[in-house]
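Engineer: Just passing along the structure, written as structure tokens.
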Amino acid sequence: MNASLSKLVGGKQGAIGLALLAALIFVVLPLGVDIFRLNLVGKYLTYAFVAVSLVLLWGNGGILSLGQGIFFGLGGYGMAMFMKLEASDPITTKIQTTPGIPDFMDWNQITELPWFWHPFQSLPLTILAILVIPALFAYFIGFAMFKRRVGGVYFAIITQAIALILSILIVGQQGLTGGVNGITDLKTVMGWDTRTDSAKYILYYVNGILLIGSILLSKYILNSKFGMLLLAMRDKEERVRFSGYDVSNFKIFIFCVAAMISAVGGAMFTLQVGFMSPSFVGIVPSIEMVIFCAVGGRMSLIGAVYGTLLVNYGKTVFSETYPELWLFLMGGLFITVVMFFPNGLAGIYEKYAKKIKFLRKFSDAQPEKAADVVPTNEIKEMGAKA
Amino acid sequence: MSNTDFVLAIEDLTVSFDGFKAVDNLTMYIDKNELRVVIGPNGAGKTTVLDLICGKTKSTSGSIKFRNTELTKLSEHEIVRAGVGRKFQTPSIYENLSVYQNLEVSYPKGRGVWGSLFFKRSEAVVSQVKKIAEEIMLTDFLEMEAALLSHGQKQWLEIGMLLMQDPELLMLDEPVAGMSAKERDQTADLLNKICKNRSVIVIEHDMEFVKKIAHKVTVLHQGKILAEGAMDKVQADEKVIEVYLGH
């Protein structure tokens, strides 16, 4: 392994962590579970994009966005619009008043394809839009907030409000967006049926590769001077400003990167699940994503993926048996993690790993470090999983 | 205002907060390679003057010229890039980064978004970090997390972070606060060393320390200059004695 590659993955330890995650995603899960469950895992892994973006933004940059659903949604809707148009060719939709437009438009007495749907007839333009529109939107939000030095809890509230506004807008404009039902009955991409088992496998792998790619991109950013500055800004913003840096530009940039990564997750969600709806845009999903990230460890890119998988696994298990209880449980989980394990699963793992090292060469380690590393059996298990 | 030979020329500077004039019609000049100490009772406006110079506070009227560049219209990072460094009253360092990283982040290259993404740790950076670490007596602590340094070492680290930028004007707000007697002496030596090729403004309360370092002392009181000159002259000034002992 050459030096720059080693730096990219974060040394030996980072390489092992990444390899284990890749093995889990690409080998263990596809072999271990049936295609229905694998498709479910694939869906969860699309949320992991958002969790990874929050590690950049929140864990390292100290910028808590409670509106990452906005960008997940923009990416997801972009892909959904393309697939919907493909599913609405004039022959299939010939019983409509206006053939050739999506069915929900026809139901809402719309007789012509709205202007902003036109670019989504082309796949290259759609892919471009999935990346560029969320980044531009993030740029505008970021420019308006960070140049005025709005940050902390105010930024969190404003992003949350924007997520709410966007979801209300989508629900309200039924004829243009499919309303509360979202965009459904998505079948093909360039004639390729995404609902078959083989397509599901392929999409699962594409998703996995993109996720690992996003993690590598994030690692590159965090290992560069930019990453060091992110931490510095999180801890002492004034000091960074008075060291000759225009802090707002750095915040805007990382917010845009986080938006793009989230949007890729959204697009992959649509491809694998076959629909997109406003329930993945608003406040609740945005906060859920923050919880995934917090549980996994907001400082750990890989931890965020495990956190997402674990919480969603819990959600699937519990919400099947106790659907009402789940939200309370998740709220409790969030509070517990923030209060007792501020660095999430990754933090527990790190403490546990340190303890092992300490036991190996206890003469070198400092006694007081050992005192706060006394994991219970339960924590040990969680640590081992992470 | 005409151009001058001074590194810093402050003229008729006023800032008022809701009618209260924290700095009132202040005029002050700093020479090349001068180490000026600003003293004065609490609330005299000392820190506010530094805030005005470095752009943290915007002035109500007046002018601040640094090497004949007007600073009052520049933003904070532009002032730093022009060559003005400022240390804050409480040590302001990046606790979660190592001493090495603290210094490296302060290196004046790769200051833009893209520049920082593709910034390479070159030989020049490493040698500069080592040189500064030596100067601030932290060579043995380069790999240590900055949070674990003693209070005095944190103060030195912040001074070192400023030295990394090689500013022409260095402003230090109470650099020896919370330091032991020995650390104070070391800091005095450090300041005497670093003012060789730059101008330095220091705010300080500790008169013993001021005597050791000051070329010239400015006494501020209620936003105005009460006295200015050599330390012993200022100390003998009746107005100064009254202000310091009168309340």
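A note on labels: chains of the structure tokens are A, B, ... as shown, every chain counts residues from 1, and ligands are counted from 1 in their shown order.
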To test your reading of the structure, identify every residue in region 3-244 of chain B that backbone DSSP assigns to helix (DSSP H, G or I), and report it as a VMD selection string.
Structural biologist: chain B and resid 46 to 54 76 to 82 99 to 105 113 to 117 123 to 135 139 to 141 146 to 148 151 to 164 181 to 197 207 to 213 231 to 236 238 to 244
Engineer: Within 9 Å of chain B, which residues of chain A come that close, and what is the closest atom pair and distance in Å for each? Count only C-alpha atoms and give it as a tab-separated table.
Structural biologist:
residue	atom	partner	partner_atom	distance
A:Tyr220	CA	B:Leu117	CA	8.4
A:Ile221	CA	B:Leu117	CA	6.5
A:Asn223	CA	B:Leu117	CA	8.9
A:Ser224	CA	B:Leu117	CA	5.5
A:Lys225	CA	B:Ser116	CA	5.1
A:Phe226	CA	B:Ser116	CA	4.9
A:Gly227	CA	B:Leu117	CA	8.1
A:Met228	CA	B:Val105	CA	7.1
A:Leu229	CA	B:Val105	CA	6.8
A:Leu231	CA	B:Asn96	CA	7.6
A:Ala232	CA	B:Tyr94	CA	5.5
A:Met233	CA	B:Tyr94	CA	8.5
A:Arg234	CA	B:Tyr94	CA	8.9
A:Asp235	CA	B:Tyr94	CA	6.1
A:Lys236	CA	B:Tyr94	CA	6.3
A:Glu238	CA	B:Ser92	CA	8.4
A:Arg239	CA	B:Ser92	CA	6.3
A:Val240	CA	B:Ser106	CA	8.2
A:Arg241	CA	B:His77	CA	5.8
A:Phe242	CA	B:His77	CA	6.0
A:Ser243	CA	B:Ser106	CA	6.1
A:Gly244	CA	B:His77	CA	4.1
A:Tyr245	CA	B:His77	CA	5.4
A:Asp246	CA	B:His77	CA	5.9
A:Val247	CA	B:His77	CA	8.7
A:Asn249	CA	B:Val113	CA	6.8
A:Phe250	CA	B:Val113	CA	5.9
A:Phe253	CA	B:Val113	CA	7.4
Engineer: Keeping only N, CA, C and O atoms, take the residues you just selected and write them out as an mmCIF file, in the first residue's frame.
Structural biologist:
data_model
loop_
_atom_site.group_PDB
_atom_site.id
_atom_site.type_symbol
_atom_site.label_atom_id
_atom_site.label_comp_id
_atom_site.auth_asym_id
_atom_site.auth_seq_id
_atom_site.Cartn_x
_atom_site.Cartn_y
_atom_site.Cartn_z
ATOM 1 N N TYR A 220 -10.909 11.380 2.779
ATOM 2 C CA TYR A 220 -9.925 12.264 2.168
ATOM 3 C C TYR A 220 -10.076 13.681 2.726
ATOM 4 O O TYR A 220 -9.096 14.321 3.111
ATOM 5 N N ILE A 221 -11.313 14.135 2.784
ATOM 6 C CA ILE A 221 -11.563 15.501 3.281
ATOM 7 C C ILE A 221 -11.096 15.636 4.730
ATOM 8 O O ILE A 221 -10.411 16.584 5.093
ATOM 9 N N ASN A 223 -8.907 13.899 6.345
ATOM 10 C CA ASN A 223 -7.463 13.759 6.535
ATOM 11 C C ASN A 223 -6.673 14.930 5.971
ATOM 12 O O ASN A 223 -5.483 15.052 6.212
ATOM 13 N N SER A 224 -7.333 15.778 5.200
ATOM 14 C CA SER A 224 -6.624 16.927 4.634
ATOM 15 C C SER A 224 -6.577 18.046 5.669
ATOM 16 O O SER A 224 -7.129 17.944 6.759
ATOM 17 N N LYS A 225 -5.914 19.114 5.292
ATOM 18 C CA LYS A 225 -5.885 20.281 6.175
ATOM 19 C C LYS A 225 -7.301 20.798 6.415
ATOM 20 O O LYS A 225 -7.613 21.302 7.485
ATOM 21 N N PHE A 226 -8.152 20.628 5.406
ATOM 22 C CA PHE A 226 -9.552 21.037 5.544
ATOM 23 C C PHE A 226 -10.192 20.352 6.751
ATOM 24 O O PHE A 226 -10.909 20.975 7.529
ATOM 25 N N GLY A 227 -9.934 19.051 6.900
ATOM 26 C CA GLY A 227 -10.507 18.298 8.017
ATOM 27 C C GLY A 227 -10.012 18.814 9.356
ATOM 28 O O GLY A 227 -10.774 18.896 10.323
ATOM 29 N N MET A 228 -8.726 19.144 9.390
ATOM 30 C CA MET A 228 -8.151 19.679 10.620
ATOM 31 C C MET A 228 -8.819 21.019 10.951
ATOM 32 O O MET A 228 -9.126 21.307 12.105
ATOM 33 N N LEU A 229 -9.053 21.812 9.897
ATOM 34 C CA LEU A 229 -9.700 23.111 10.104
ATOM 35 C C LEU A 229 -11.139 22.946 10.576
ATOM 36 O O LEU A 229 -11.635 23.738 11.370
ATOM 37 N N LEU A 231 -12.322 20.593 12.532
ATOM 38 C CA LEU A 231 -12.238 20.358 13.974
ATOM 39 C C LEU A 231 -11.897 21.654 14.698
ATOM 40 O O LEU A 231 -12.470 21.964 15.741
ATOM 41 N N ALA A 232 -10.957 22.394 14.123
ATOM 42 C CA ALA A 232 -10.534 23.647 14.745
ATOM 43 C C ALA A 232 -11.702 24.624 14.832
ATOM 44 O O ALA A 232 -11.920 25.266 15.855
ATOM 45 N N MET A 233 -12.505 24.687 13.766
ATOM 46 C CA MET A 233 -13.655 25.593 13.756
ATOM 47 C C MET A 233 -14.697 25.167 14.774
ATOM 48 O O MET A 233 -15.340 25.989 15.406
ATOM 49 N N ARG A 234 -14.851 23.835 14.888
ATOM 50 C CA ARG A 234 -15.827 23.316 15.843
ATOM 51 C C ARG A 234 -15.442 23.747 17.260
ATOM 52 O O ARG A 234 -16.284 24.142 18.052
ATOM 53 N N ASP A 235 -14.128 23.678 17.557
ATOM 54 C CA ASP A 235 -13.680 23.967 18.914
ATOM 55 C C ASP A 235 -13.504 25.461 19.183
ATOM 56 O O ASP A 235 -13.866 25.952 20.229
ATOM 57 N N LYS A 236 -12.905 26.169 18.223
ATOM 58 C CA LYS A 236 -12.580 27.587 18.462
ATOM 59 C C LYS A 236 -12.731 28.353 17.158
ATOM 60 O O LYS A 236 -11.746 28.626 16.475
ATOM 61 N N GLU A 238 -13.504 31.449 16.520
ATOM 62 C CA GLU A 238 -12.857 32.760 16.507
ATOM 63 C C GLU A 238 -11.369 32.643 16.175
ATOM 64 O O GLU A 238 -10.825 33.422 15.417
ATOM 65 N N ARG A 239 -10.737 31.643 16.804
ATOM 66 C CA ARG A 239 -9.301 31.479 16.590
ATOM 67 C C ARG A 239 -9.002 31.207 15.111
ATOM 68 O O ARG A 239 -8.025 31.689 14.569
ATOM 69 N N VAL A 240 -9.853 30.397 14.483
ATOM 70 C CA VAL A 240 -9.656 30.100 13.064
ATOM 71 C C VAL A 240 -9.826 31.368 12.239
ATOM 72 O O VAL A 240 -9.029 31.662 11.348
ATOM 73 N N ARG A 241 -10.856 32.130 12.565
ATOM 74 C CA ARG A 241 -11.107 33.372 11.831
ATOM 75 C C ARG A 241 -9.919 34.310 11.981
ATOM 76 O O ARG A 241 -9.471 34.917 11.017
ATOM 77 N N PHE A 242 -9.387 34.393 13.209
ATOM 78 C CA PHE A 242 -8.256 35.294 13.443
ATOM 79 C C PHE A 242 -6.920 34.621 13.135
ATOM 80 O O PHE A 242 -5.872 35.078 13.561
ATOM 81 N N SER A 243 -6.982 33.498 12.437
ATOM 82 C CA SER A 243 -5.760 32.939 11.860
ATOM 83 C C SER A 243 -5.773 33.136 10.350
ATOM 84 O O SER A 243 -4.998 32.527 9.621
ATOM 85 N N GLY A 244 -6.685 33.938 9.865
ATOM 86 C CA GLY A 244 -6.690 34.308 8.459
ATOM 87 C C GLY A 244 -7.574 33.462 7.556
ATOM 88 O O GLY A 244 -7.377 33.435 6.354
ATOM 89 N N TYR A 245 -8.534 32.744 8.144
ATOM 90 C CA TYR A 245 -9.418 31.913 7.327
ATOM 91 C C TYR A 245 -10.810 32.533 7.268
ATOM 92 O O TYR A 245 -11.298 33.054 8.264
ATOM 93 N N ASP A 246 -11.420 32.444 6.096
ATOM 94 C CA ASP A 246 -12.806 32.876 5.977
ATOM 95 C C ASP A 246 -13.682 31.678 6.348
ATOM 96 O O ASP A 246 -14.001 30.825 5.525
ATOM 97 N N VAL A 247 -14.047 31.627 7.625
ATOM 98 C CA VAL A 247 -14.709 30.454 8.188
ATOM 99 C C VAL A 247 -15.972 30.071 7.414
ATOM 100 O O VAL A 247 -16.231 28.896 7.158
ATOM 101 N N ASN A 249 -16.784 30.203 4.316
ATOM 102 C CA ASN A 249 -16.576 29.442 3.078
ATOM 103 C C ASN A 249 -16.386 27.955 3.360
ATOM 104 O O ASN A 249 -16.864 27.102 2.612
ATOM 105 N N PHE A 250 -15.673 27.658 4.445
ATOM 106 C CA PHE A 250 -15.431 26.263 4.789
ATOM 107 C C PHE A 250 -16.736 25.584 5.204
ATOM 108 O O PHE A 250 -16.997 24.435 4.856
ATOM 109 N N PHE A 253 -18.911 24.982 2.122
ATOM 110 C CA PHE A 253 -18.404 23.870 1.312
ATOM 111 C C PHE A 253 -18.787 22.523 1.919
ATOM 112 O O PHE A 253 -19.306 21.646 1.225
#
Engineer: With only C-alpha atoms as the counted atoms, please give the residues lying no more than 6 Å from Ile10 (chain B), apart from itself and same-chain residues fewer than 3 positions off, as a ChimeraX atom specification.
Structural biologist: /B:27-28,63-64
Engineer: Those selected residues, please, written with N, CA and C atoms and delivered as an mmCIF file, in the first residue's frame.
Structural biologist:
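The resulting file, part17.cif, is shown below:
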data_model
loop_
_atom_site.group_PDB
_atom_site.id
_atom_site.type_symbol
_atom_site.label_atom_id
_atom_site.label_comp_id
_atom_site.auth_asym_id
_atom_site.auth_seq_id
_atom_site.Cartn_x
_atom_site.Cartn_y
_atom_site.Cartn_z
ATOM 1 N N THR B 27 -5.701 58.416 19.754
ATOM 2 C CA THR B 27 -4.657 58.515 18.734
ATOM 3 C C THR B 27 -3.385 57.882 19.284
ATOM 4 N N MET B 28 -2.811 56.974 18.507
ATOM 5 C CA MET B 28 -1.669 56.218 19.008
ATOM 6 C C MET B 28 -0.846 55.732 17.817
ATOM 7 N N SER B 63 -9.672 56.236 12.255
ATOM 8 C CA SER B 63 -8.958 55.418 11.281
ATOM 9 C C SER B 63 -7.855 54.598 11.934
ATOM 10 N N ILE B 64 -7.660 53.408 11.415
ATOM 11 C CA ILE B 64 -6.563 52.549 11.846
ATOM 12 C C ILE B 64 -5.787 52.186 10.597
#
Engineer: DSSP on the backbone, strand (DSSP E or B) only: what residues of region 96-291 of chain A does that give? Format it as a list of chain:residue names.
Structural biologist: A:Ile183, A:Thr188, A:Val189, A:Trp192, A:Asp193, A:Met276
Engineer: Name all residues at most 6 Å from region 198-207 of chain B (count only C-alpha atoms; drop same-chain ones fewer than 2 positions away) and give them as a list in words.
Structural biologist: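 The neighbour list is Lys32, Asn33, Glu34, Leu35, Arg36, Val37, Val38, Ile39, Glu168, Leu169, Leu170, Met171, Leu172, Asp173, Glu174, Cys195, Lys196, Phe209 and Val210 of chain B.
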Engineer: Keeping only N, CA, C and O atoms, take the residues you just selected and write them out as an mmCIF file, in the first residue's frame.
Structural biologist:
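The new file selection.cif reads:
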data_model
loop_
_atom_site.group_PDB
_atom_site.id
_atom_site.type_symbol
_atom_site.label_atom_id
_atom_site.label_comp_id
_atom_site.auth_asym_id
_atom_site.auth_seq_id
_atom_site.Cartn_x
_atom_site.Cartn_y
_atom_site.Cartn_z
ATOM 1 N N LYS B 32 8.117 50.645 14.113
ATOM 2 C CA LYS B 32 8.683 49.351 13.702
ATOM 3 C C LYS B 32 9.497 48.768 14.848
ATOM 4 O O LYS B 32 10.215 49.494 15.536
ATOM 5 N N ASN B 33 9.383 47.471 15.040
ATOM 6 C CA ASN B 33 10.162 46.748 16.055
ATOM 7 C C ASN B 33 9.950 47.268 17.478
ATOM 8 O O ASN B 33 10.789 47.056 18.344
ATOM 9 N N GLU B 34 8.855 47.931 17.680
ATOM 10 C CA GLU B 34 8.578 48.435 19.022
ATOM 11 C C GLU B 34 7.747 47.428 19.807
ATOM 12 O O GLU B 34 6.892 46.754 19.251
ATOM 13 N N LEU B 35 8.014 47.343 21.112
ATOM 14 C CA LEU B 35 7.144 46.548 21.973
ATOM 15 C C LEU B 35 6.421 47.515 22.903
ATOM 16 O O LEU B 35 7.023 48.107 23.786
ATOM 17 N N ARG B 36 5.155 47.699 22.636
ATOM 18 C CA ARG B 36 4.368 48.657 23.401
ATOM 19 C C ARG B 36 3.487 47.892 24.382
ATOM 20 O O ARG B 36 2.855 46.902 24.018
ATOM 21 N N VAL B 37 3.445 48.362 25.620
ATOM 22 C CA VAL B 37 2.523 47.759 26.579
ATOM 23 C C VAL B 37 1.409 48.755 26.864
ATOM 24 O O VAL B 37 1.672 49.941 27.075
ATOM 25 N N VAL B 38 0.189 48.259 26.834
ATOM 26 C CA VAL B 38 -0.957 49.099 27.163
ATOM 27 C C VAL B 38 -1.454 48.669 28.537
ATOM 28 O O VAL B 38 -1.754 47.492 28.754
ATOM 29 N N ILE B 39 -1.493 49.599 29.468
ATOM 30 C CA ILE B 39 -2.027 49.275 30.795
ATOM 31 C C ILE B 39 -3.204 50.196 31.095
ATOM 32 O O ILE B 39 -3.495 51.123 30.333
ATOM 33 N N GLU B 168 3.553 41.016 11.079
ATOM 34 C CA GLU B 168 4.387 42.192 11.319
ATOM 35 C C GLU B 168 3.955 42.918 12.565
ATOM 36 O O GLU B 168 4.717 43.677 13.158
ATOM 37 N N LEU B 169 2.693 42.707 12.928
ATOM 38 C CA LEU B 169 2.195 43.287 14.168
ATOM 39 C C LEU B 169 1.539 42.173 14.973
ATOM 40 O O LEU B 169 0.655 41.469 14.484
ATOM 41 N N LEU B 170 2.013 42.029 16.197
ATOM 42 C CA LEU B 170 1.497 40.966 17.055
ATOM 43 C C LEU B 170 0.826 41.625 18.252
ATOM 44 O O LEU B 170 1.409 42.511 18.873
ATOM 45 N N MET B 171 -0.411 41.194 18.541
ATOM 46 C CA MET B 171 -1.111 41.793 19.674
ATOM 47 C C MET B 171 -1.421 40.704 20.694
ATOM 48 O O MET B 171 -2.035 39.694 20.369
ATOM 49 N N LEU B 172 -0.984 40.927 21.916
ATOM 50 C CA LEU B 172 -1.150 39.909 22.946
ATOM 51 C C LEU B 172 -1.962 40.475 24.100
ATOM 52 O O LEU B 172 -1.594 41.487 24.694
ATOM 53 N N ASP B 173 -3.070 39.792 24.399
ATOM 54 C CA ASP B 173 -3.941 40.246 25.473
ATOM 55 C C ASP B 173 -3.636 39.419 26.726
ATOM 56 O O ASP B 173 -3.968 38.244 26.795
ATOM 57 N N GLU B 174 -3.001 40.039 27.683
ATOM 58 C CA GLU B 174 -2.631 39.405 28.951
ATOM 59 C C GLU B 174 -1.945 38.045 28.769
ATOM 60 O O GLU B 174 -2.466 37.018 29.172
ATOM 61 N N CYS B 195 10.158 40.280 19.411
ATOM 62 C CA CYS B 195 9.913 41.646 18.930
ATOM 63 C C CYS B 195 11.094 42.179 18.146
ATOM 64 O O CYS B 195 11.101 43.335 17.732
ATOM 65 N N LYS B 196 12.093 41.345 17.907
ATOM 66 C CA LYS B 196 13.282 41.802 17.171
ATOM 67 C C LYS B 196 12.934 42.228 15.752
ATOM 68 O O LYS B 196 13.472 43.177 15.241
ATOM 69 N N PHE B 209 6.246 42.447 35.253
ATOM 70 C CA PHE B 209 6.403 41.898 33.913
ATOM 71 C C PHE B 209 6.522 43.025 32.883
ATOM 72 O O PHE B 209 7.358 42.977 31.986
ATOM 73 N N VAL B 210 5.696 44.047 33.055
ATOM 74 C CA VAL B 210 5.709 45.165 32.109
ATOM 75 C C VAL B 210 7.101 45.792 32.081
ATOM 76 O O VAL B 210 7.648 46.087 31.015
#
Engineer: Mind checking which residues fall within 8 Å of Ser300 (chain A), counting only C-alpha atoms, ignoring those fewer than 3 positions away in the same chain, and posting them as number ranges by chain?
Structural biologist: A: 55, 296-297, 303-304, 346
Engineer: With only C-alpha atoms counted and 10 Å as the cut-off, give the residues of region 119-170 of chain B in contact with region 187-193 of chain B, each with its shortest interatomic distance in Å and the pair that gives it, as a tab-separated table.
Structural biologist:
residue	atom	partner	partner_atom	distance
B:Glu135	CA	B:Leu190	CA	7.3
B:Ile136	CA	B:Leu190	CA	7.2
B:Met137	CA	B:Leu190	CA	9.3
B:Gly152	CA	B:Thr187	CA	9.1
B:Gln155	CA	B:Thr187	CA	9.3
B:Trp156	CA	B:Thr187	CA	7.8
B:Ile159	CA	B:Leu191	CA	9.5
Engineer: Please compute the CA of Val41 (chain A)-CA of Leu301 (chain A) distance, one decimal, in Å.
Structural biologist: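 According to the coordinates, CA of Val41 (chain A) and CA of Leu301 (chain A) are separated by 17.9 Å.
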Engineer: What is the CA of Asp31 (chain B)-CA of Lys239 (chain B) distance in Å, reported with one decimal?
Structural biologist: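 A separation of 25.2 Å between them.
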Engineer: Do you know which residues are at most 10 Å from Leu216 (chain A) counting only C-alpha atoms, after dropping those on the same chain fewer than 3 positions away, and could you put them as a tab-separated table (two decimals) with all heavy atoms, in the first residue's frame?
Structural biologist:
chain	number	residue	atom	x	y	z
A	8	LEU	N	-5.18	7.90	2.85
A	8	LEU	CA	-6.58	8.04	2.48
A	8	LEU	C	-7.49	7.19	3.36
A	8	LEU	O	-8.50	7.65	3.86
A	8	LEU	CB	-6.76	7.66	1.00
A	8	LEU	CG	-8.19	7.67	0.48
A	8	LEU	CD1	-8.78	9.06	0.57
A	8	LEU	CD2	-8.22	7.19	-0.96
A	9	VAL	N	-7.12	5.93	3.56
A	9	VAL	CA	-8.00	5.06	4.34
A	9	VAL	C	-7.76	5.20	5.84
A	9	VAL	O	-8.47	4.63	6.64
A	9	VAL	CB	-7.87	3.58	3.93
A	9	VAL	CG1	-8.33	3.40	2.51
A	9	VAL	CG2	-6.47	3.07	4.12
A	10	GLY	N	-6.76	5.97	6.21
A	10	GLY	CA	-6.54	6.23	7.63
A	10	GLY	C	-5.66	5.20	8.30
A	10	GLY	O	-5.97	4.72	9.38
A	18	LEU	N	-12.41	-0.44	7.33
A	18	LEU	CA	-13.07	-0.30	6.04
A	18	LEU	C	-13.24	-1.67	5.38
A	18	LEU	O	-14.27	-1.97	4.79
A	18	LEU	CB	-12.23	0.62	5.15
A	18	LEU	CG	-12.95	1.33	4.02
A	18	LEU	CD1	-14.04	2.22	4.58
A	18	LEU	CD2	-11.97	2.16	3.21
A	210	LEU	N	-21.10	2.86	-3.93
A	210	LEU	CA	-21.22	4.32	-3.77
A	210	LEU	C	-21.03	4.72	-2.32
A	210	LEU	O	-20.44	5.77	-2.02
A	210	LEU	CB	-22.59	4.79	-4.29
A	210	LEU	CG	-22.75	4.78	-5.80
A	210	LEU	CD1	-24.19	5.11	-6.18
A	210	LEU	CD2	-21.81	5.79	-6.45
A	211	LEU	N	-21.54	3.89	-1.40
A	211	LEU	CA	-21.41	4.22	0.02
A	211	LEU	C	-19.93	4.20	0.44
A	211	LEU	O	-19.45	5.13	1.09
A	211	LEU	CB	-22.22	3.23	0.87
A	211	LEU	CG	-22.18	3.48	2.38
A	211	LEU	CD1	-22.74	4.84	2.74
A	211	LEU	CD2	-22.95	2.40	3.13
A	212	ILE	N	-19.24	3.13	0.02
A	212	ILE	CA	-17.80	3.06	0.35
A	212	ILE	C	-17.07	4.24	-0.30
A	212	ILE	O	-16.19	4.85	0.29
A	212	ILE	CB	-17.20	1.72	-0.14
A	212	ILE	CG1	-17.90	0.52	0.54
A	212	ILE	CG2	-15.69	1.68	0.10
A	212	ILE	CD1	-17.49	0.24	1.95
A	213	GLY	N	-17.48	4.56	-1.53
A	213	GLY	CA	-16.88	5.71	-2.22
A	213	GLY	C	-17.10	7.01	-1.44
A	213	GLY	O	-16.18	7.81	-1.28
A	219	LYS	N	-13.22	10.54	4.02
A	219	LYS	CA	-11.93	10.32	4.69
A	219	LYS	C	-10.87	11.24	4.11
A	219	LYS	O	-10.05	11.79	4.84
A	219	LYS	CB	-11.48	8.86	4.54
A	219	LYS	CG	-12.05	7.96	5.61
A	219	LYS	CD	-11.41	6.59	5.54
A	219	LYS	CE	-12.07	5.67	6.55
A	219	LYS	NZ	-11.22	5.33	7.67
A	220	TYR	N	-10.91	11.38	2.78
A	220	TYR	CA	-9.92	12.26	2.17
A	220	TYR	C	-10.08	13.68	2.73
A	220	TYR	O	-9.10	14.32	3.11
A	220	TYR	CB	-10.06	12.29	0.64
A	220	TYR	CG	-9.11	13.28	0.02
A	220	TYR	CD1	-7.78	12.93	-0.19
A	220	TYR	CD2	-9.50	14.58	-0.27
A	220	TYR	CE1	-6.87	13.85	-0.70
A	220	TYR	CE2	-8.60	15.51	-0.77
A	220	TYR	CZ	-7.30	15.13	-0.99
A	220	TYR	OH	-6.39	16.05	-1.48
A	221	ILE	N	-11.31	14.14	2.78
A	221	ILE	CA	-11.56	15.50	3.28
A	221	ILE	C	-11.10	15.64	4.73
A	221	ILE	O	-10.41	16.58	5.09
A	221	ILE	CB	-13.06	15.85	3.15
A	221	ILE	CG1	-13.45	15.96	1.68
A	221	ILE	CG2	-13.38	17.15	3.88
A	221	ILE	CD1	-14.92	16.15	1.44
A	222	LEU	N	-11.45	14.63	5.55
A	222	LEU	CA	-11.12	14.73	6.97
A	222	LEU	C	-9.62	14.62	7.22
A	222	LEU	O	-9.11	15.18	8.19
A	222	LEU	CB	-11.86	13.66	7.77
A	222	LEU	CG	-13.38	13.83	7.83
A	222	LEU	CD1	-14.00	12.74	8.68
A	222	LEU	CD2	-13.74	15.20	8.39
A	301	LEU	N	-16.88	7.70	10.57
A	301	LEU	CA	-17.59	7.48	9.31
A	301	LEU	C	-18.13	6.06	9.25
A	301	LEU	O	-19.27	5.82	8.83
A	301	LEU	CB	-16.65	7.72	8.13
A	301	LEU	CG	-16.17	9.17	7.96
A	301	LEU	CD1	-14.96	9.22	7.06
A	301	LEU	CD2	-17.30	10.01	7.39
Engineer: Using only C-alpha atoms, which of the listed residues (B:Glu70, B:Leu163, B:Ser127, B:Lys212) sits closest to Arg184 (chain B)?
Structural biologist: B:Lys212
Engineer: Quick check, in Å to one decimal: how far apart do CA of Gly62 (chain A) and CA of Val284 (chain A) lie?
Structural biologist: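 Answer for the CA of Gly62 (chain A) to CA of Val284 (chain A) separation: 20.9 Å.
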Engineer: List the neighbours of Val23 (chain B) out to 8 Å using only C-alpha atoms; skip same-chain residues closer than 4 positions along the sequence, and give me the result as a list in words.
Structural biologist: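 Here the answer would be Leu13, Thr14, Val15, Ser16, Gly45, Thr48, Val49, Gln222, Gly223 and Lys224 of chain B.
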Engineer: Please, could you write that set of residues out with N, CA, C and O atoms as a short mmCIF file (atom, residue, chain, number, x, y, z; two decimals), in the first residue's frame?
Structural biologist:
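Now in out.cif:
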data_model
loop_
_atom_site.label_atom_id
_atom_site.label_comp_id
_atom_site.auth_asym_id
_atom_site.auth_seq_id
_atom_site.Cartn_x
_atom_site.Cartn_y
_atom_site.Cartn_z
N LEU B 13 -9.72 57.51 16.89
CA LEU B 13 -10.56 56.30 16.89
C LEU B 13 -11.60 56.37 18.00
O LEU B 13 -11.28 56.62 19.16
N THR B 14 -12.84 56.15 17.64
CA THR B 14 -13.94 56.17 18.61
C THR B 14 -14.85 54.98 18.35
O THR B 14 -15.13 54.65 17.20
N VAL B 15 -15.27 54.33 19.42
CA VAL B 15 -16.34 53.35 19.28
C VAL B 15 -17.30 53.57 20.43
O VAL B 15 -16.90 53.79 21.57
N SER B 16 -18.58 53.60 20.09
CA SER B 16 -19.54 53.78 21.17
C SER B 16 -20.56 52.65 21.12
O SER B 16 -21.04 52.25 20.06
N GLY B 45 -10.75 50.16 28.30
CA GLY B 45 -10.89 50.04 26.85
C GLY B 45 -9.70 49.37 26.18
O GLY B 45 -9.56 49.43 24.96
N THR B 48 -10.78 46.46 24.01
CA THR B 48 -11.58 47.00 22.90
C THR B 48 -10.67 47.56 21.80
O THR B 48 -10.98 47.41 20.62
N VAL B 49 -9.57 48.19 22.20
CA VAL B 49 -8.65 48.71 21.19
C VAL B 49 -8.12 47.57 20.32
O VAL B 49 -8.11 47.67 19.09
N GLN B 222 -10.73 55.22 30.78
CA GLN B 222 -12.04 55.58 30.22
C GLN B 222 -11.96 55.86 28.71
O GLN B 222 -12.52 56.82 28.21
N GLY B 223 -11.23 55.00 28.02
CA GLY B 223 -11.19 55.08 26.58
C GLY B 223 -10.26 56.15 26.02
O GLY B 223 -10.22 56.39 24.83
N LYS B 224 -9.54 56.82 26.93
CA LYS B 224 -8.63 57.87 26.47
C LYS B 224 -7.22 57.59 26.96
O LYS B 224 -7.04 56.88 27.95
#
